[in-house]
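Visitor: Okay, here's the structure, questions in a sec.
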Amino acid sequence: MQTDYSKWYRAISARRSQRSYDFNRPVEPDLLEQMRQLCAEFRPFPSARAVLVKGSTDEVFRGLIGSYGRVKDARAFIAFVGDMDCPNVQEQVGYLGEGIILEAAAMGLATCWVGGFFRPDVAASLVGTRGNERVLAVTPVGYAAPAVTLEERAMCRFGLSHRRKPLSRMVSGLEEAKWPRWIRAALEAARLAPSAMNRQPWSFHVEPDSITVSVTGFPVDLVVSRRLDAGIAMLHIEVAALSHGVQGGWEYLENPQVARIVHCRRK
Ligand SMILES: Cc1cc2nc3c(=O)[nH]c(=O)nc-3n(C[C@H](O)[C@H](O)[C@H](O)COP(=O)(O)O)c2cc1C
């Protein structure tokens with residue numbers, strides 16, 4: 001599949017999680033068809049896939065007492081499915097899903113990664129999972145509700161939303177003054193990556209021609225794997241590198257490290 005990475009790169013800073021949708025403004029059929037096709041064609045790994053499901057999403061998004069996790073009035077969702085027999089399934093689903101989310105953002109559509117507060121059994125039966133596949137996360141797709149709802153406001157107040165840690169708290173290795181341009185851009189892009197509960201569970205070790213991504217924090221994942229969050233950051237890193245003319249190759253690593261991207265060649 002031919003991907004316009006510069007479009008995804010621009011979408012990194014524009015994207016925001018959106019939980020309330022405009023029920024009166026369904027997504028145009030041709031845009032939905034483009035999303036469906038992207039889901040079918042963007043298959044960077046055999047063990048991860050995305051499926052667009054149209055129709056009411058009420059059954060899939062289970063409401064919560066309080067504000068976190070309630071998705072309202074979306075008329076379509078995308079399921080991110082992983083084959084649990086693959087050892088790198090979590091980071092691969094994060095990577096794949098974020099590519100699709102950035103494409104949606106570039107098309108003017110709103111989304112929100114939902115890893116905890118949805119019904120995986122309902123999503124799995126709508127998607128038709130096979131063998132050892134599981135729906136690891138979903139996102140609603142649609143146009144944002146015209147008014148900011150109480151829930152969205154509450155998310156901002158609790159600081160769960162867009163606030164990010166400074167790079168100085170996440171990066172080790174090569175001193176900042178010596179970072180090549182692509183590494184600086186990649187780290188800035190990784191910093192903006194969304195993560196469950198906005199926990200930003202990653203650290204980055206920089207060497208002159210590589211970045212190693214590791215997971216940090218509480219070592220037991222209760223609902224959403226930190227490696228899935230790390231996969232999202234990996235996609236941001238790669239997209240930023242490509243947008244700065246650098247093609248990198250990933251190698252997977254053992255916990256708590258996740259993967260290392262090494263500068264292979266200039267695009
Ligand atoms: C893997 C993953 C799972 C998430 N699960 C939920 C969820 O269950 N409910 C929800 O409301 N938000 C969920 N979020 C959205 C995060 O809260 C959000 O990305 C984070 O607060 C950063 O805000 P931003 O996406 O607007 O930049 C999830 C995000 C990720 C990456």
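Residues in the structure tokens are numbered from 1 in each chain, the chains being A, B, ... in the order shown, and ligands are numbered from 1 in the order shown.
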Sorted by chain and rising residue number, which residues of chain A lie within 8 Å of ligand 1, and what are their closest atom pairs and distances in Å to one decimal, counting only C-alpha atoms and all ligand atoms, as CSV?
Guide:
residue,atom,partner,partner_atom_place_in_ligand_line,distance
A:Arg15,CA,ligand 1,27 (O),6.8
A:Arg16,CA,ligand 1,26 (O),3.7
A:Ser17,CA,ligand 1,26 (O),3.8
A:Gln18,CA,ligand 1,26 (O),7.0
A:Arg19,CA,ligand 1,11 (O),6.5
A:Ser67,CA,ligand 1,11 (O),7.8
A:Tyr68,CA,ligand 1,11 (O),4.9
A:Gly69,CA,ligand 1,11 (O),3.1
A:Arg70,CA,ligand 1,11 (O),5.9
A:Val71,CA,ligand 1,11 (O),7.0
A:Gly94,CA,ligand 1,1 (C),7.1
A:Cys112,CA,ligand 1,15 (C),5.8
A:Trp113,CA,ligand 1,28 (C),4.4
A:Val114,CA,ligand 1,5 (N),3.5
A:Gly115,CA,ligand 1,3 (C),3.9
A:Gly116,CA,ligand 1,8 (O),3.8
A:Phe117,CA,ligand 1,8 (O),4.4
A:Phe118,CA,ligand 1,8 (O),6.9
A:Ala137,CA,ligand 1,1 (C),6.7
A:Met155,CA,ligand 1,21 (O),7.6
A:Gly159,CA,ligand 1,21 (O),7.9
A:Leu160,CA,ligand 1,21 (O),4.5
A:Ser161,CA,ligand 1,21 (O),3.8
A:His162,CA,ligand 1,27 (O),4.4
A:Arg163,CA,ligand 1,22 (C),7.4
A:Leu192,CA,ligand 1,27 (O),6.9
A:Ala193,CA,ligand 1,27 (O),6.8
A:Pro194,CA,ligand 1,19 (O),3.9
A:Ser195,CA,ligand 1,31 (C),3.3
A:Ala196,CA,ligand 1,30 (C),3.7
A:Met197,CA,ligand 1,17 (O),4.3
A:Asn198,CA,ligand 1,20 (C),4.0
A:Arg199,CA,ligand 1,20 (C),7.7
A:Val224,CA,ligand 1,1 (C),6.1
A:Ser225,CA,ligand 1,1 (C),7.6
A:Arg226,CA,ligand 1,1 (C),8.0
A:Leu228,CA,ligand 1,1 (C),6.1
A:Asp229,CA,ligand 1,1 (C),5.4
A:Ile232,CA,ligand 1,31 (C),7.1
Visitor: With N, CA and C atoms retained, could you export that selection as an mmCIF file, in the first residue's frame?
Guide:
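Output saved as part.cif:
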data_model
loop_
_atom_site.group_PDB
_atom_site.id
_atom_site.type_symbol
_atom_site.label_atom_id
_atom_site.label_comp_id
_atom_site.auth_asym_id
_atom_site.auth_seq_id
_atom_site.Cartn_x
_atom_site.Cartn_y
_atom_site.Cartn_z
ATOM 1 N N ARG A 15 -4.379 15.566 15.861
ATOM 2 C CA ARG A 15 -5.301 14.549 16.400
ATOM 3 C C ARG A 15 -5.593 14.759 17.890
ATOM 4 N N ARG A 16 -6.845 14.525 18.275
ATOM 5 C CA ARG A 16 -7.263 14.553 19.683
ATOM 6 C C ARG A 16 -8.273 13.437 19.874
ATOM 7 N N SER A 17 -8.325 12.843 21.045
ATOM 8 C CA SER A 17 -9.372 11.852 21.311
ATOM 9 C C SER A 17 -10.722 12.545 21.398
ATOM 10 N N GLN A 18 -11.724 11.950 20.750
ATOM 11 C CA GLN A 18 -13.069 12.532 20.775
ATOM 12 C C GLN A 18 -14.060 11.459 21.212
ATOM 13 N N ARG A 19 -14.824 11.753 22.241
ATOM 14 C CA ARG A 19 -15.743 10.733 22.768
ATOM 15 C C ARG A 19 -17.201 11.002 22.422
ATOM 16 N N SER A 67 -16.926 9.906 33.958
ATOM 17 C CA SER A 67 -16.747 10.405 32.603
ATOM 18 C C SER A 67 -15.837 9.543 31.752
ATOM 19 N N TYR A 68 -14.863 8.861 32.342
ATOM 20 C CA TYR A 68 -13.833 8.253 31.528
ATOM 21 C C TYR A 68 -14.390 7.093 30.719
ATOM 22 N N GLY A 69 -14.198 7.150 29.456
ATOM 23 C CA GLY A 69 -14.487 5.991 28.644
ATOM 24 C C GLY A 69 -15.846 5.977 27.992
ATOM 25 N N ARG A 70 -16.659 6.992 28.197
ATOM 26 C CA ARG A 70 -17.991 6.917 27.586
ATOM 27 C C ARG A 70 -17.960 7.480 26.163
ATOM 28 N N VAL A 71 -18.338 6.653 25.223
ATOM 29 C CA VAL A 71 -18.395 7.109 23.832
ATOM 30 C C VAL A 71 -19.853 7.242 23.455
ATOM 31 N N GLY A 94 -0.862 -1.738 18.092
ATOM 32 C CA GLY A 94 -0.734 -0.300 18.369
ATOM 33 C C GLY A 94 -0.250 0.450 17.133
ATOM 34 N N CYS A 112 -11.177 7.895 18.803
ATOM 35 C CA CYS A 112 -10.659 7.777 20.174
ATOM 36 C C CYS A 112 -10.270 6.318 20.403
ATOM 37 N N TRP A 113 -9.018 6.066 20.658
ATOM 38 C CA TRP A 113 -8.613 4.709 21.049
ATOM 39 C C TRP A 113 -9.420 4.313 22.287
ATOM 40 N N VAL A 114 -10.015 3.164 22.291
ATOM 41 C CA VAL A 114 -10.686 2.654 23.485
ATOM 42 C C VAL A 114 -10.184 1.226 23.717
ATOM 43 N N GLY A 115 -9.450 1.067 24.815
ATOM 44 C CA GLY A 115 -8.877 -0.243 25.098
ATOM 45 C C GLY A 115 -9.538 -0.919 26.277
ATOM 46 N N GLY A 116 -10.202 -0.096 27.110
ATOM 47 C CA GLY A 116 -10.753 -0.674 28.333
ATOM 48 C C GLY A 116 -12.260 -0.792 28.291
ATOM 49 N N PHE A 117 -12.914 0.306 27.982
ATOM 50 C CA PHE A 117 -14.351 0.359 28.229
ATOM 51 C C PHE A 117 -15.153 0.107 26.968
ATOM 52 N N PHE A 118 -14.990 -1.104 26.489
ATOM 53 C CA PHE A 118 -15.833 -1.569 25.384
ATOM 54 C C PHE A 118 -16.069 -3.055 25.610
ATOM 55 N N ALA A 137 -8.489 -3.456 20.927
ATOM 56 C CA ALA A 137 -8.967 -2.075 21.120
ATOM 57 C C ALA A 137 -9.901 -1.728 19.970
ATOM 58 N N MET A 155 -12.687 15.355 31.177
ATOM 59 C CA MET A 155 -11.427 14.700 30.815
ATOM 60 C C MET A 155 -10.286 15.709 30.864
ATOM 61 N N GLY A 159 -6.910 16.277 33.676
ATOM 62 C CA GLY A 159 -5.566 16.194 33.106
ATOM 63 C C GLY A 159 -5.336 14.896 32.361
ATOM 64 N N LEU A 160 -6.433 14.160 32.090
ATOM 65 C CA LEU A 160 -6.251 12.897 31.376
ATOM 66 C C LEU A 160 -6.026 13.147 29.893
ATOM 67 N N SER A 161 -6.315 14.370 29.480
ATOM 68 C CA SER A 161 -6.361 14.589 28.040
ATOM 69 C C SER A 161 -5.003 14.741 27.410
ATOM 70 N N HIS A 162 -4.665 15.971 27.121
ATOM 71 C CA HIS A 162 -3.586 16.165 26.156
ATOM 72 C C HIS A 162 -2.225 16.450 26.783
ATOM 73 N N ARG A 163 -2.182 16.584 28.091
ATOM 74 C CA ARG A 163 -0.904 16.986 28.687
ATOM 75 C C ARG A 163 0.147 15.898 28.468
ATOM 76 N N LEU A 192 3.979 12.989 21.533
ATOM 77 C CA LEU A 192 2.568 13.349 21.309
ATOM 78 C C LEU A 192 1.669 12.126 21.152
ATOM 79 N N ALA A 193 2.251 10.937 21.215
ATOM 80 C CA ALA A 193 1.444 9.727 20.987
ATOM 81 C C ALA A 193 0.390 9.582 22.080
ATOM 82 N N PRO A 194 -0.812 9.132 21.702
ATOM 83 C CA PRO A 194 -1.824 8.858 22.728
ATOM 84 C C PRO A 194 -1.492 7.547 23.443
ATOM 85 N N SER A 195 -1.946 7.440 24.692
ATOM 86 C CA SER A 195 -1.745 6.196 25.452
ATOM 87 C C SER A 195 -2.939 6.035 26.385
ATOM 88 N N ALA A 196 -3.190 4.806 26.801
ATOM 89 C CA ALA A 196 -4.327 4.542 27.691
ATOM 90 C C ALA A 196 -4.149 5.344 28.980
ATOM 91 N N MET A 197 -5.203 6.006 29.422
ATOM 92 C CA MET A 197 -5.182 6.865 30.607
ATOM 93 C C MET A 197 -4.107 7.959 30.510
ATOM 94 N N ASN A 198 -3.644 8.215 29.318
ATOM 95 C CA ASN A 198 -2.564 9.193 29.093
ATOM 96 C C ASN A 198 -1.348 8.910 29.977
ATOM 97 N N ARG A 199 -1.047 7.611 30.173
ATOM 98 C CA ARG A 199 0.018 7.275 31.134
ATOM 99 C C ARG A 199 1.418 7.421 30.540
ATOM 100 N N VAL A 224 -5.021 -2.603 29.428
ATOM 101 C CA VAL A 224 -4.371 -2.348 28.143
ATOM 102 C C VAL A 224 -2.866 -2.554 28.312
ATOM 103 N N SER A 225 -2.268 -3.299 27.401
ATOM 104 C CA SER A 225 -0.828 -3.554 27.476
ATOM 105 C C SER A 225 -0.037 -2.276 27.178
ATOM 106 N N ARG A 226 1.013 -2.070 27.973
ATOM 107 C CA ARG A 226 1.866 -0.904 27.701
ATOM 108 C C ARG A 226 2.607 -1.088 26.378
ATOM 109 N N LEU A 228 1.212 -2.094 23.713
ATOM 110 C CA LEU A 228 0.320 -1.540 22.677
ATOM 111 C C LEU A 228 0.540 -0.017 22.581
ATOM 112 N N ASP A 229 0.604 0.640 23.756
ATOM 113 C CA ASP A 229 0.933 2.080 23.741
ATOM 114 C C ASP A 229 2.267 2.314 23.029
ATOM 115 N N ILE A 232 2.129 2.416 19.367
ATOM 116 C CA ILE A 232 1.625 3.709 18.848
ATOM 117 C C ILE A 232 2.795 4.693 18.734
#
Visitor: Residues near Leu126 (chain A), anyone? I mean within 10 Å using only C-alpha atoms, not counting same-chain ones fewer than 4 positions away, as a list of chain:residue names.
Guide: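 Selected residues are A:Val51, A:Leu52, A:Val53, A:Lys54, A:Val60, A:Ala79, A:Pro120, A:Asp121, A:Val122.
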Visitor: Please give the complete set of residues from region 118-198 of chain A that DSSP, run on the backbone, assigns to alpha helix (DSSP H), formatted as a list in words.
Guide: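 Selecting the alpha helix (DSSP H) positions of region 118-198 of chain A gives Pro120, Asp121, Val122, Ala123, Ala124, Ser125, Leu126, Val127, Leu150, Glu151, Glu152, Arg153, Ala154, Met155, Cys156, Arg157, Arg181, Trp182, Ile183, Arg184, Ala185, Ala186, Leu187, Glu188, Ala189, Ala190 and Arg191 of chain A.
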Visitor: Put those residues in a file: C-alpha atoms, as a PDB file, in the first residue's frame.
Guide:
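out_5.pdb, freshly written:
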ATOM      1  CA  PRO A 120     -14.713  -7.235  23.314  1.00  0.00           C
ATOM      2  CA  ASP A 121     -17.213 -10.098  22.931  1.00  0.00           C
ATOM      3  CA  VAL A 122     -19.682  -7.896  21.043  1.00  0.00           C
ATOM      4  CA  ALA A 123     -16.909  -6.375  18.918  1.00  0.00           C
ATOM      5  CA  ALA A 124     -15.467  -9.838  18.164  1.00  0.00           C
ATOM      6  CA  SER A 125     -18.805 -11.204  16.996  1.00  0.00           C
ATOM      7  CA  LEU A 126     -19.407  -8.179  14.731  1.00  0.00           C
ATOM      8  CA  VAL A 127     -15.932  -8.506  13.240  1.00  0.00           C
ATOM      9  CA  LEU A 150     -19.461  17.735  30.000  1.00  0.00           C
ATOM     10  CA  GLU A 151     -17.542  14.490  29.625  1.00  0.00           C
ATOM     11  CA  GLU A 152     -14.936  15.995  27.332  1.00  0.00           C
ATOM     12  CA  ARG A 153     -14.573  18.945  29.682  1.00  0.00           C
ATOM     13  CA  ALA A 154     -14.152  16.624  32.655  1.00  0.00           C
ATOM     14  CA  MET A 155     -11.427  14.700  30.815  1.00  0.00           C
ATOM     15  CA  CYS A 156      -9.500  17.946  30.368  1.00  0.00           C
ATOM     16  CA  ARG A 157      -9.975  18.952  34.000  1.00  0.00           C
ATOM     17  CA  ARG A 181      17.364  16.279  13.069  1.00  0.00           C
ATOM     18  CA  TRP A 182      15.386  13.075  12.406  1.00  0.00           C
ATOM     19  CA  ILE A 183      15.890  11.877  15.979  1.00  0.00           C
ATOM     20  CA  ARG A 184      14.633  15.144  17.446  1.00  0.00           C
ATOM     21  CA  ALA A 185      11.545  15.059  15.197  1.00  0.00           C
ATOM     22  CA  ALA A 186      10.913  11.384  15.995  1.00  0.00           C
ATOM     23  CA  LEU A 187      11.104  11.961  19.753  1.00  0.00           C
ATOM     24  CA  GLU A 188       8.797  14.983  19.551  1.00  0.00           C
ATOM     25  CA  ALA A 189       6.332  12.877  17.565  1.00  0.00           C
ATOM     26  CA  ALA A 190       6.574   9.997  20.066  1.00  0.00           C
ATOM     27  CA  ARG A 191       5.910  12.423  22.908  1.00  0.00           C
TER      28      ARG A 191
END
Visitor: Find the residues near Thr111 (chain A): any atom within 7 Å, counting only C-alpha atoms, skip ones fewer than 3 places away on the same chain, and give them as a VMD selection string.
Guide: chain A and resid 17 to 18 101 139 to 142
Visitor: For the selection just defined, write its residues with C-alpha atoms to a file, as a short mmCIF file (atom, residue, chain, number, x, y, z; two decimals), in the first residue's frame.
Guide:
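Below is the file selection-v3.cif, written as the result:
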data_model
loop_
_atom_site.label_atom_id
_atom_site.label_comp_id
_atom_site.auth_asym_id
_atom_site.auth_seq_id
_atom_site.Cartn_x
_atom_site.Cartn_y
_atom_site.Cartn_z
CA SER A 17 -9.37 11.85 21.31
CA GLN A 18 -13.07 12.53 20.77
CA ILE A 101 -6.28 6.76 13.32
CA THR A 139 -12.15 3.37 17.98
CA PRO A 140 -15.39 5.16 17.12
CA VAL A 141 -15.25 7.02 13.81
CA GLY A 142 -17.34 10.05 12.95
#
Visitor: Could you pull out the strand (DSSP E or B) residues of region 42-218 of chain A, going by DSSP on the backbone, and write them as a PyMOL selection string?
Guide: chain A and resi 48-54+72+76-83+110-111+114+133-142+144+171-173+202-207+210-215
Visitor: Counting only C-alpha atoms, what is within 10 Å of region 88-91 of chain A, bar same-chain residues fewer than 6 positions away, as JSON, numbers by chain?
Guide: {"A": [45, 46, 47, 48, 81, 82, 97, 133, 136, 224, 225, 226, 227, 228, 229, 230, 231, 232, 233, 234, 235, 252, 253, 254, 258, 259]}
Visitor: Would you mind listing what lies within 8 Å of Ser6 (chain A) as a PDB file with N, CA and C atoms, in the first residue's frame, with only C-alpha atoms counted and same-chain residues fewer than 2 positions away left out?
Guide:
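New file part27.pdb:
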ATOM      1  N   ASP A   4       0.903   8.089   2.315  1.00  0.00           N
ATOM      2  CA  ASP A   4       1.422   9.453   2.319  1.00  0.00           C
ATOM      3  C   ASP A   4       1.818   9.793   3.761  1.00  0.00           C
ATOM      4  N   TRP A   8       0.267  11.883   7.437  1.00  0.00           N
ATOM      5  CA  TRP A   8       0.172  11.310   8.791  1.00  0.00           C
ATOM      6  C   TRP A   8       1.007  12.137   9.779  1.00  0.00           C
ATOM      7  N   TYR A   9       2.160  12.614   9.303  1.00  0.00           N
ATOM      8  CA  TYR A   9       3.033  13.404  10.191  1.00  0.00           C
ATOM      9  C   TYR A   9       2.312  14.676  10.638  1.00  0.00           C
ATOM     10  N   ARG A  10       1.647  15.333   9.681  1.00  0.00           N
ATOM     11  CA  ARG A  10       0.908  16.554  10.037  1.00  0.00           C
ATOM     12  C   ARG A  10      -0.249  16.229  10.983  1.00  0.00           C
ATOM     13  N   VAL A 239       7.029   7.535  11.287  1.00  0.00           N
ATOM     14  CA  VAL A 239       6.434   8.529  10.384  1.00  0.00           C
ATOM     15  C   VAL A 239       7.266   9.820  10.402  1.00  0.00           C
ATOM     16  N   SER A 243       9.405  11.398   7.317  1.00  0.00           N
ATOM     17  CA  SER A 243       9.131  12.778   6.902  1.00  0.00           C
ATOM     18  C   SER A 243      10.395  13.627   6.936  1.00  0.00           C
TER      19      SER A 243
END
Visitor: Grab the CA of Lys72 (chain A) to CA of Arg130 (chain A) distance for me, in Å with one decimal place.
Guide: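 So the two atoms, CA of Lys72 (chain A) and CA of Arg130 (chain A), lie 28.6 Å apart.
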Visitor: Nearest to Gly217 (chain A) among A:Leu38, A:Met170, A:Val262, A:Ile12, with distances taken over only C-alpha atoms: which residue is it?
Guide: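 The closest residue to Gly217 (chain A) is A:Met170.
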Visitor: Pick the closest to Asp58 (chain A) from A:Arg119, A:His205, A:Glu98, A:Ala105: which is it, counting only C-alpha atoms?
Guide: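 Nearest to Asp58 (chain A): A:Arg119.
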Visitor: Considering only C-alpha atoms, give me a table of residues in region 102-157 of chain A that are at most 7 Å from region 21-26 of chain A, with the closest atom pair and distance in Å for each, as CSV.
Guide:
residue,atom,partner,partner_atom,distance
A:Gly142,CA,A:Tyr21,CA,6.3
A:Tyr143,CA,A:Asp22,CA,5.7
A:Ala144,CA,A:Tyr21,CA,4.5
A:Ala145,CA,A:Asp22,CA,4.1
A:Pro146,CA,A:Asp22,CA,6.7
